[in-house]
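> To be precise about what I am sending: the file is called data_27.pdb and holds PDB, C-alpha atoms and all ligand atoms.
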```
ATOM      1  CA  MET A   1       2.448   4.554  31.011
ATOM      2  CA  PRO A   2       0.601   6.234  33.896
ATOM      3  CA  GLU A   3       0.642  10.009  33.955
ATOM      4  CA  PRO A   4       2.087  11.527  37.138
ATOM      5  CA  ILE A   5      -0.039  13.309  39.674
ATOM      6  CA  ALA A   6      -0.176  16.813  38.250
ATOM      7  CA  ILE A   7       1.711  18.968  40.713
ATOM      8  CA  THR A   8       2.961  21.258  37.979
ATOM      9  CA  PRO A   9       0.146  22.410  35.683
ATOM     10  CA  LEU A  10       0.572  21.721  31.993
ATOM     11  CA  GLU A  11      -0.242  25.326  31.195
ATOM     12  CA  ALA A  12       2.483  27.861  31.958
ATOM     13  CA  LYS A  13       2.446  31.642  31.936
ATOM     14  CA  SER A  14       5.359  31.582  29.507
ATOM     15  CA  PRO A  15       8.078  29.226  28.248
ATOM     16  CA  PHE A  16      10.481  31.151  30.466
ATOM     17  CA  GLU A  17       9.248  29.235  33.485
ATOM     18  CA  LEU A  18      12.099  26.973  34.539
ATOM     19  CA  ARG A  19      10.876  23.397  34.484
ATOM     20  CA  VAL A  20      13.050  20.421  35.350
ATOM     21  CA  ASN A  21      12.636  16.762  36.258
ATOM     22  CA  LEU A  22       8.920  16.647  35.502
ATOM     23  CA  GLY A  23       9.456  13.313  33.777
ATOM     24  CA  ARG A  24      11.659  11.834  36.484
ATOM     25  CA  GLY A  25      10.735   8.281  37.207
ATOM     26  CA  VAL A  26       9.857   7.540  33.592
ATOM     27  CA  GLY A  27      12.048   4.611  32.673
ATOM     28  CA  GLU A  28      14.267   4.385  29.612
ATOM     29  CA  ALA A  29      12.083   1.693  28.038
ATOM     30  CA  GLU A  30       9.005   3.865  28.493
ATOM     31  CA  VAL A  31      10.760   6.837  26.908
ATOM     32  CA  ARG A  32      11.752   4.652  23.959
ATOM     33  CA  GLN A  33       8.188   3.404  23.594
ATOM     34  CA  ALA A  34       6.822   6.942  23.750
ATOM     35  CA  LEU A  35       9.246   8.035  21.030
ATOM     36  CA  ALA A  36       8.379   5.056  18.823
ATOM     37  CA  THR A  37       4.607   5.347  19.088
ATOM     38  CA  GLY A  38       3.922   9.015  19.812
ATOM     39  CA  ASP A  39       1.225   7.931  22.251
ATOM     40  CA  MET A  40       3.018   9.895  24.943
ATOM     41  CA  GLY A  41       5.066  13.059  24.650
ATOM     42  CA  PHE A  42       7.218  15.138  26.936
ATOM     43  CA  LEU A  43       6.111  18.730  27.197
ATOM     44  CA  HIS A  44       7.570  21.726  28.949
ATOM     45  CA  SER A  45       4.134  23.342  28.828
ATOM     46  CA  PHE A  46       1.273  24.792  26.879
ATOM     47  CA  THR A  47       1.056  28.569  26.664
ATOM     48  CA  THR A  48      -1.700  30.735  25.253
ATOM     49  CA  GLY A  49      -1.940  34.160  23.733
ATOM     50  CA  ALA A  50       1.337  34.161  21.777
ATOM     51  CA  THR A  51       1.371  36.467  18.770
ATOM     52  CA  VAL A  52       4.923  35.865  17.537
ATOM     53  CA  ASP A  53       4.835  32.149  16.750
ATOM     54  CA  GLY A  54       2.754  32.205  13.589
ATOM     55  CA  PRO A  55      -0.246  34.158  12.302
ATOM     56  CA  GLY A  56      -2.865  35.448  14.716
ATOM     57  CA  VAL A  57      -3.110  34.446  18.354
ATOM     58  CA  ARG A  58      -1.515  31.085  19.037
ATOM     59  CA  VAL A  59      -1.650  28.274  21.515
ATOM     60  CA  VAL A  60       1.861  26.876  21.731
ATOM     61  CA  ALA A  61       2.909  23.439  22.951
ATOM     62  CA  TRP A  62       6.557  23.523  24.021
ATOM     63  CA  THR A  63       8.178  20.116  23.766
ATOM     64  CA  SER A  64      11.225  19.090  25.724
ATOM     65  CA  GLY A  65      14.271  17.517  24.156
ATOM     66  CA  CYS A  66      16.771  19.172  21.849
ATOM     67  CA  MET A  67      19.966  17.781  20.354
ATOM     68  CA  TRP A  68      21.439  21.219  19.607
ATOM     69  CA  ARG A  69      23.391  23.314  22.060
ATOM     70  CA  CYS A  70      22.892  26.860  20.879
ATOM     71  CA  GLN A  71      25.001  29.352  22.792
ATOM     72  CA  TYR A  72      22.062  31.730  22.910
ATOM     73  CA  CYS A  73      19.368  29.207  23.829
ATOM     74  CA  HIS A  74      16.895  30.834  26.186
ATOM     75  CA  ASN A  75      15.275  27.577  27.254
ATOM     76  CA  PRO A  76      18.122  25.180  28.124
ATOM     77  CA  ASP A  77      15.799  23.354  30.509
ATOM     78  CA  THR A  78      14.109  21.965  27.391
ATOM     79  CA  TRP A  79      17.288  20.228  26.210
ATOM     80  CA  THR A  80      16.604  17.193  28.391
ATOM     81  CA  MET A  81      13.476  15.343  27.343
ATOM     82  CA  THR A  82      12.636  14.068  30.806
ATOM     83  CA  ASN A  83      12.709  17.594  32.180
ATOM     84  CA  GLY A  84       9.339  17.770  30.441
ATOM     85  CA  MET A  85       6.060  16.396  31.667
ATOM     86  CA  PRO A  86       4.896  13.052  30.257
ATOM     87  CA  VAL A  87       1.553  13.734  28.618
ATOM     88  CA  SER A  88      -0.605  11.295  26.720
ATOM     89  CA  ILE A  89      -1.571  12.298  23.189
ATOM     90  CA  ALA A  90      -5.224  12.250  24.285
ATOM     91  CA  HIS A  91      -4.491  14.682  27.117
ATOM     92  CA  ALA A  92      -2.488  17.003  24.847
ATOM     93  CA  ALA A  93      -5.266  16.966  22.235
ATOM     94  CA  ASP A  94      -7.873  17.689  24.925
ATOM     95  CA  GLU A  95      -5.796  20.620  26.141
ATOM     96  CA  LEU A  96      -5.649  22.023  22.628
ATOM     97  CA  GLY A  97      -9.340  21.365  22.120
ATOM     98  CA  LYS A  98     -10.178  23.780  24.952
ATOM     99  CA  TYR A  99      -9.084  26.628  22.707
ATOM    100  CA  ARG A 100     -10.420  25.476  19.344
ATOM    101  CA  HIS A 101     -13.328  27.911  19.108
ATOM    102  CA  GLY A 102     -11.374  30.929  20.356
ATOM    103  CA  LEU A 103      -8.539  30.226  17.956
ATOM    104  CA  LYS A 104     -10.908  30.147  15.006
ATOM    105  CA  VAL A 105     -12.607  33.396  16.066
ATOM    106  CA  MET A 106      -9.207  35.088  16.394
ATOM    107  CA  ALA A 107      -7.863  33.602  13.151
ATOM    108  CA  GLY A 108      -5.060  32.074  15.172
ATOM    109  CA  GLY A 109      -3.842  28.555  15.514
ATOM    110  CA  PHE A 110      -1.621  26.009  17.144
ATOM    111  CA  THR A 111       2.172  26.072  17.094
ATOM    112  CA  LEU A 112       4.321  23.142  18.082
ATOM    113  CA  SER A 113       7.646  24.424  19.359
ATOM    114  CA  GLY A 114      10.352  23.396  21.797
ATOM    115  CA  GLY A 115      13.052  22.353  22.527
ATOM    116  CA  GLU A 116      13.051  20.689  19.145
ATOM    117  CA  PRO A 117       9.615  19.189  18.456
ATOM    118  CA  LEU A 118      10.886  16.721  15.874
ATOM    119  CA  MET A 119      12.928  14.980  18.565
ATOM    120  CA  GLN A 120       9.484  13.496  19.260
ATOM    121  CA  HIS A 121       8.354  13.273  15.655
ATOM    122  CA  ARG A 122       5.715  10.561  16.188
ATOM    123  CA  PHE A 123       4.073  12.560  18.971
ATOM    124  CA  ALA A 124       4.388  15.710  16.858
ATOM    125  CA  VAL A 125       2.597  14.063  13.943
ATOM    126  CA  LYS A 126      -0.220  12.824  16.169
ATOM    127  CA  LEU A 127      -0.716  16.190  17.813
ATOM    128  CA  LEU A 128      -0.628  18.068  14.504
ATOM    129  CA  ALA A 129      -3.136  15.586  13.093
ATOM    130  CA  ALA A 130      -5.404  16.172  16.103
ATOM    131  CA  ALA A 131      -5.202  19.924  15.510
ATOM    132  CA  ARG A 132      -6.000  19.423  11.848
ATOM    133  CA  ARG A 133      -9.056  17.296  12.729
ATOM    134  CA  MET A 134     -10.257  20.176  14.912
ATOM    135  CA  GLY A 135      -9.855  22.550  11.996
ATOM    136  CA  ILE A 136      -7.075  24.488  13.719
ATOM    137  CA  HIS A 137      -4.280  26.139  11.721
ATOM    138  CA  THR A 138      -0.985  24.364  12.442
ATOM    139  CA  ALA A 139       2.567  25.672  12.611
ATOM    140  CA  LEU A 140       5.765  23.788  13.374
ATOM    141  CA  ASP A 141       8.688  25.708  14.840
ATOM    142  CA  THR A 142      11.790  23.647  14.100
ATOM    143  CA  ASN A 143      15.510  23.772  13.468
ATOM    144  CA  GLY A 144      14.832  21.289  10.661
ATOM    145  CA  PHE A 145      17.544  18.833  11.648
ATOM    146  CA  TYR A 146      15.103  15.934  11.898
ATOM    147  CA  GLY A 147      12.822  17.009   9.077
ATOM    148  CA  HIS A 148      13.606  13.794   7.209
ATOM    149  CA  HIS A 149      11.602  11.901   9.825
ATOM    150  CA  LEU A 150       8.391  13.386   8.429
ATOM    151  CA  SER A 151       6.941  11.828   5.309
ATOM    152  CA  ASP A 152       5.547  14.048   2.590
ATOM    153  CA  ALA A 153       2.039  13.144   3.735
ATOM    154  CA  GLU A 154       2.909  14.071   7.321
ATOM    155  CA  LEU A 155       4.306  17.400   6.172
ATOM    156  CA  GLU A 156       0.868  18.128   4.749
ATOM    157  CA  LEU A 157      -0.380  18.321   8.334
ATOM    158  CA  VAL A 158       1.682  21.486   8.782
ATOM    159  CA  ASP A 159       0.160  24.671   7.393
ATOM    160  CA  LEU A 160       3.265  26.718   8.126
ATOM    161  CA  VAL A 161       6.841  25.829   9.004
ATOM    162  CA  LEU A 162       8.734  28.286  11.184
ATOM    163  CA  LEU A 163      12.250  27.320  10.181
ATOM    164  CA  ASP A 164      15.173  28.499  12.266
ATOM    165  CA  ILE A 165      18.343  29.160  10.323
ATOM    166  CA  LYS A 166      21.008  30.061  12.839
ATOM    167  CA  ALA A 167      23.975  30.834  10.570
ATOM    168  CA  TRP A 168      25.202  30.171   7.050
ATOM    169  CA  ASP A 169      28.890  29.412   7.398
ATOM    170  CA  PRO A 170      29.193  25.742   8.500
ATOM    171  CA  LEU A 171      32.001  26.439  10.956
ATOM    172  CA  ARG A 172      30.160  29.372  12.478
ATOM    173  CA  HIS A 173      27.037  27.235  12.699
ATOM    174  CA  ARG A 174      28.866  24.414  14.399
ATOM    175  CA  ALA A 175      30.489  26.778  16.881
ATOM    176  CA  LEU A 176      27.106  28.327  17.624
ATOM    177  CA  THR A 177      24.968  25.188  17.857
ATOM    178  CA  GLY A 178      27.309  22.201  18.078
ATOM    179  CA  VAL A 179      25.987  20.689  14.844
ATOM    180  CA  ASP A 180      26.179  20.988  11.081
ATOM    181  CA  ASN A 181      23.595  23.092   9.222
ATOM    182  CA  ALA A 182      23.437  20.883   6.098
ATOM    183  CA  PRO A 183      20.344  18.912   7.295
ATOM    184  CA  THR A 184      18.501  22.176   8.006
ATOM    185  CA  LEU A 185      19.300  23.545   4.565
ATOM    186  CA  GLU A 186      18.289  20.245   2.983
ATOM    187  CA  PHE A 187      14.946  20.385   4.790
ATOM    188  CA  ALA A 188      14.482  23.968   3.585
ATOM    189  CA  ARG A 189      15.056  22.836  -0.015
ATOM    190  CA  ARG A 190      12.568  19.979   0.423
ATOM    191  CA  LEU A 191       9.927  22.362   1.766
ATOM    192  CA  ALA A 192      10.558  24.616  -1.205
ATOM    193  CA  ALA A 193      10.218  21.749  -3.672
ATOM    194  CA  GLN A 194       6.863  20.932  -2.101
ATOM    195  CA  ARG A 195       5.845  24.596  -1.968
ATOM    196  CA  ARG A 196       5.171  24.417   1.735
ATOM    197  CA  PRO A 197       4.842  27.894   3.291
ATOM    198  CA  VAL A 198       7.802  28.893   5.449
ATOM    199  CA  TRP A 199       8.547  31.741   7.796
ATOM    200  CA  LEU A 200      12.276  31.873   8.330
ATOM    201  CA  ARG A 201      13.542  32.866  11.756
ATOM    202  CA  TYR A 202      16.938  34.404  12.354
ATOM    203  CA  VAL A 203      18.156  35.250  15.840
ATOM    204  CA  LEU A 204      20.387  38.312  15.772
ATOM    205  CA  VAL A 205      23.096  38.202  18.409
ATOM    206  CA  PRO A 206      25.723  40.969  18.537
ATOM    207  CA  GLY A 207      29.164  39.540  17.931
ATOM    208  CA  LEU A 208      27.824  36.101  17.108
ATOM    209  CA  THR A 209      25.297  36.179  14.257
ATOM    210  CA  ASP A 210      25.583  39.775  13.061
ATOM    211  CA  ASP A 211      28.172  39.240  10.336
ATOM    212  CA  ARG A 212      26.689  41.017   7.327
ATOM    213  CA  ASP A 213      28.160  38.611   4.769
ATOM    214  CA  ASP A 214      26.822  35.617   6.624
ATOM    215  CA  ILE A 215      23.345  37.155   6.920
ATOM    216  CA  ALA A 216      23.479  37.983   3.206
ATOM    217  CA  LYS A 217      24.168  34.330   2.394
ATOM    218  CA  VAL A 218      21.151  33.264   4.457
ATOM    219  CA  ALA A 219      19.056  35.916   2.723
ATOM    220  CA  GLU A 220      20.185  34.847  -0.758
ATOM    221  CA  PHE A 221      19.405  31.239   0.050
ATOM    222  CA  ALA A 222      15.977  32.142   1.447
ATOM    223  CA  ALA A 223      15.110  34.360  -1.503
ATOM    224  CA  GLY A 224      16.057  31.615  -3.931
ATOM    225  CA  LEU A 225      13.709  29.092  -2.334
ATOM    226  CA  GLY A 226      10.540  30.804  -3.492
ATOM    227  CA  ASN A 227       8.375  29.655  -0.565
ATOM    228  CA  VAL A 228       9.616  31.944   2.223
ATOM    229  CA  GLU A 229       6.660  34.170   2.982
ATOM    230  CA  ARG A 230       8.363  36.158   5.674
ATOM    231  CA  VAL A 231      11.570  36.467   7.654
ATOM    232  CA  ASP A 232      11.468  37.209  11.367
ATOM    233  CA  VAL A 233      14.661  38.797  12.655
ATOM    234  CA  LEU A 234      14.536  38.000  16.348
ATOM    235  CA  PRO A 235      16.712  40.250  18.514
ATOM    236  CA  PHE A 236      18.683  38.322  21.109
ATOM    237  CA  HIS A 237      17.488  38.904  24.676
ATOM    238  CA  GLN A 238      18.493  37.769  28.118
ATOM    239  CA  MET A 239      15.171  36.414  29.399
ATOM    240  CA  GLY A 240      16.667  32.936  29.628
ATOM    241  CA  ARG A 241      19.878  33.922  31.435
ATOM    242  CA  PHE A 242      18.553  32.911  34.843
ATOM    243  CA  LYS A 243      17.922  29.392  33.574
ATOM    244  CA  TRP A 244      21.592  28.845  32.753
ATOM    245  CA  ALA A 245      22.527  30.015  36.224
ATOM    246  CA  ARG A 246      19.860  27.934  37.982
ATOM    247  CA  LEU A 247      20.879  24.842  35.985
ATOM    248  CA  GLY A 248      24.540  25.404  36.927
ATOM    249  CA  MET A 249      25.528  25.706  33.268
ATOM    250  CA  THR A 250      28.242  27.933  31.843
ATOM    251  CA  TYR A 251      26.619  30.641  29.773
ATOM    252  CA  ALA A 252      28.911  32.062  27.111
ATOM    253  CA  LEU A 253      26.637  35.055  26.505
ATOM    254  CA  GLU A 254      26.447  36.191  30.106
ATOM    255  CA  HIS A 255      27.583  39.685  29.170
ATOM    256  CA  THR A 256      26.094  39.959  25.680
ATOM    257  CA  GLY A 257      23.468  42.621  25.244
ATOM    258  CA  PRO A 258      20.610  42.770  22.746
ATOM    259  CA  PRO A 259      21.252  44.308  19.329
ATOM    260  CA  ASP A 260      20.422  48.001  19.069
ATOM    261  CA  ASP A 261      17.813  49.379  16.674
ATOM    262  CA  GLN A 262      20.433  50.129  14.047
ATOM    263  CA  GLN A 263      21.745  46.568  14.066
ATOM    264  CA  VAL A 264      18.238  45.167  13.739
ATOM    265  CA  ALA A 265      17.433  47.585  10.923
ATOM    266  CA  GLY A 266      20.666  46.577   9.171
ATOM    267  CA  ALA A 267      19.768  42.899   9.298
ATOM    268  CA  LEU A 268      16.213  43.549   8.126
ATOM    269  CA  ALA A 269      17.570  45.585   5.204
ATOM    270  CA  ILE A 270      19.755  42.687   4.070
ATOM    271  CA  PHE A 271      16.714  40.440   3.781
ATOM    272  CA  ARG A 272      14.517  43.122   2.246
ATOM    273  CA  GLU A 273      17.125  43.985  -0.392
ATOM    274  CA  ARG A 274      16.674  40.449  -1.667
ATOM    275  CA  GLY A 275      12.942  40.852  -2.038
ATOM    276  CA  LEU A 276      11.946  39.143   1.189
ATOM    277  CA  LYS A 277       9.329  40.435   3.580
ATOM    278  CA  ALA A 278      11.274  40.874   6.819
ATOM    279  CA  CYS A 279       9.840  41.903  10.179
TER     280      CYS A 279
HETATM  281  S1  LIG B 301      17.604  24.593  18.657
HETATM  282 FE1  LIG B 301      16.320  25.914  19.968
HETATM  283  S2  LIG B 301      15.901  24.720  21.831
HETATM  284 FE2  LIG B 301      17.605  23.729  20.747
HETATM  285  S3  LIG B 301      19.445  24.577  21.709
HETATM  286 FE3  LIG B 301      18.980  25.811  19.893
HETATM  287  S4  LIG B 301      17.734  27.540  20.628
HETATM  288 FE4  LIG B 301      17.729  25.928  22.245
END
```
Could you take the file, read its structure, and then write that structure out as structure tokens?

Amino acid sequence: MPEPIAITPLEAKSPFELRVNLGRGVGEAEVRQALATGDMGFLHSFTTGATVDGPGVRVVAWTSGCMWRCQYCHNPDTWTMTNGMPVSIAHAADELGKYRHGLKVMAGGFTLSGGEPLMQHRFAVKLLAAARRMGIHTALDTNGFYGHHLSDAELELVDLVLLDIKAWDPLRHRALTGVDNAPTLEFARRLAAQRRPVWLRYVLVPGLTDDRDDIAKVAEFAAGLGNVERVDVLPFHQMGRFKWARLGMTYALEHTGPPDDQQVAGALAIFRERGLKAC
């Protein structure tokens, strides 16, 4: 599959750049082949300098394609796979390779995020393997829904899983994301059984994911796993609001503000009370 003439650079200043139709013209058969082989992936972008997506300074590859429909998603342009740029695995690995020395000096690493990176699990495995060959620390930021597509050996390519748990109550989760949370919880249990390090991520949205009992259930579950090294409580923000508007999509959280300091402290306390390190 030929790569398009690069009008849009692969590197972006941030994932909040709106990117659409970069994979237009890629036929359905080619998309299917890319998904089956992982020789080609669809990427929103690469960004550098992130300090919130794993330990140290990170290079992040943002994949396109997500099967969830989170009400608070701040990158809805990544839902559609062909909004991303078709990039060969060799090109993606070369891009990562540019930063290999700096990442080691800064004790950082590579994070594969999205969208949902496991929508392209063969490409994800190949890119994580390339990072591993370069001696770069690897993190996978995932909602876990497609975790079963990774074999145990493939999971070994991931030094750290950043696992998003959006809500505990199944009905609340379905209303929030459009899907069931059972596969995510199952993946969390599998990671625990294999003692794979996990940082749990919880997005705190006033009026949507701030129910104390629901957070407590997530915290109890996380504490019982035994492999959750840290919990990141991520305050909801509106940096992605313009994307919903530009894409002509109805945004249910148009008028929702970020949680205040007290709400964030309350959520952190719930996790900490159960012995978890929460930041
Ligand atoms: S899982 Fe992530 S990328 Fe997918 S809709 Fe939810 S917030 Fe957006």
> Could you check which of A:Asn75, A:Lys98, A:Val57, A:Ile7 is closest to Arg246 (chain A), using all atoms listed in the file?
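Result for the nearest residue to Arg246 (chain A): A:Asn75.
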> Neighbouring residues of region 135-143 of chain A were defined as those with any atom within 8 Å, considering only C-alpha atoms; residues of the same chain fewer than 6 positions away were excluded. Please report them as a count of residues only.
26
> Decode the PyMOL selection byres (((not hetatm)) within 7 of (chain B and resi 301)) for the given file into explicit residues and return them as a PyMOL selection string.
chain A and resi 66-70+72-76+78-79+114-116+143+177
> Might you pull out every residue within 8 Å of region 224-241 of chain A, with all atoms listed in the file counted and same-chain residues fewer than 5 positions away left off, and present them as a ChimeraX atom specification?
/A:16,72-75,188-189,191-192,195-206,251,254,257-259,264,267-268,271,276-279
> Can you pull out the residues contacting Lys13 (chain A)? Cut-off 12 Å, using all atoms listed in the file, and skip same-chain residues under 5 positions away; I want them as a count of residues only.
10
> In Å, rounded to a single decimal, give me how far CA of Val20 (chain A) is from CA of Met81 (chain A).
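A separation of 9.5 Å between them.
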> Could you write region 194-205 of chain A as an mmCIF file, in the coordinates of the input, with N, CA and C atoms rebuilt where they are missing?

```
data_model
loop_
_atom_site.group_PDB
_atom_site.id
_atom_site.type_symbol
_atom_site.label_atom_id
_atom_site.label_comp_id
_atom_site.auth_asym_id
_atom_site.auth_seq_id
_atom_site.Cartn_x
_atom_site.Cartn_y
_atom_site.Cartn_z
ATOM 1 N N GLN A 194 8.275 21.294 -2.329
ATOM 2 C CA GLN A 194 6.863 20.932 -2.101
ATOM 3 C C GLN A 194 5.982 22.165 -1.923
ATOM 4 N N ARG A 195 6.577 23.323 -2.089
ATOM 5 C CA ARG A 195 5.845 24.596 -1.968
ATOM 6 C C ARG A 195 5.112 24.723 -0.643
ATOM 7 N N ARG A 196 5.750 24.265 0.400
ATOM 8 C CA ARG A 196 5.171 24.417 1.735
ATOM 9 C C ARG A 196 5.517 25.809 2.260
ATOM 10 N N PRO A 197 4.549 26.545 2.789
ATOM 11 C CA PRO A 197 4.842 27.894 3.291
ATOM 12 C C PRO A 197 5.825 27.879 4.466
ATOM 13 N N VAL A 198 6.765 28.798 4.409
ATOM 14 C CA VAL A 198 7.802 28.893 5.449
ATOM 15 C C VAL A 198 7.934 30.337 5.918
ATOM 16 N N TRP A 199 8.037 30.504 7.216
ATOM 17 C CA TRP A 199 8.547 31.741 7.796
ATOM 18 C C TRP A 199 9.926 31.409 8.338
ATOM 19 N N LEU A 200 10.917 32.122 7.867
ATOM 20 C CA LEU A 200 12.276 31.873 8.330
ATOM 21 C C LEU A 200 12.542 32.716 9.569
ATOM 22 N N ARG A 201 13.224 32.129 10.528
ATOM 23 C CA ARG A 201 13.542 32.866 11.756
ATOM 24 C C ARG A 201 15.056 32.960 11.908
ATOM 25 N N TYR A 202 15.502 34.170 12.218
ATOM 26 C CA TYR A 202 16.938 34.404 12.354
ATOM 27 C C TYR A 202 17.180 35.189 13.637
ATOM 28 N N VAL A 203 17.876 34.577 14.565
ATOM 29 C CA VAL A 203 18.156 35.250 15.840
ATOM 30 C C VAL A 203 19.416 36.094 15.673
ATOM 31 N N LEU A 204 19.280 37.372 15.954
ATOM 32 C CA LEU A 204 20.387 38.312 15.772
ATOM 33 C C LEU A 204 21.086 38.546 17.117
ATOM 34 N N VAL A 205 22.318 38.082 17.171
ATOM 35 C CA VAL A 205 23.096 38.202 18.409
ATOM 36 C C VAL A 205 24.350 39.027 18.112
#
```
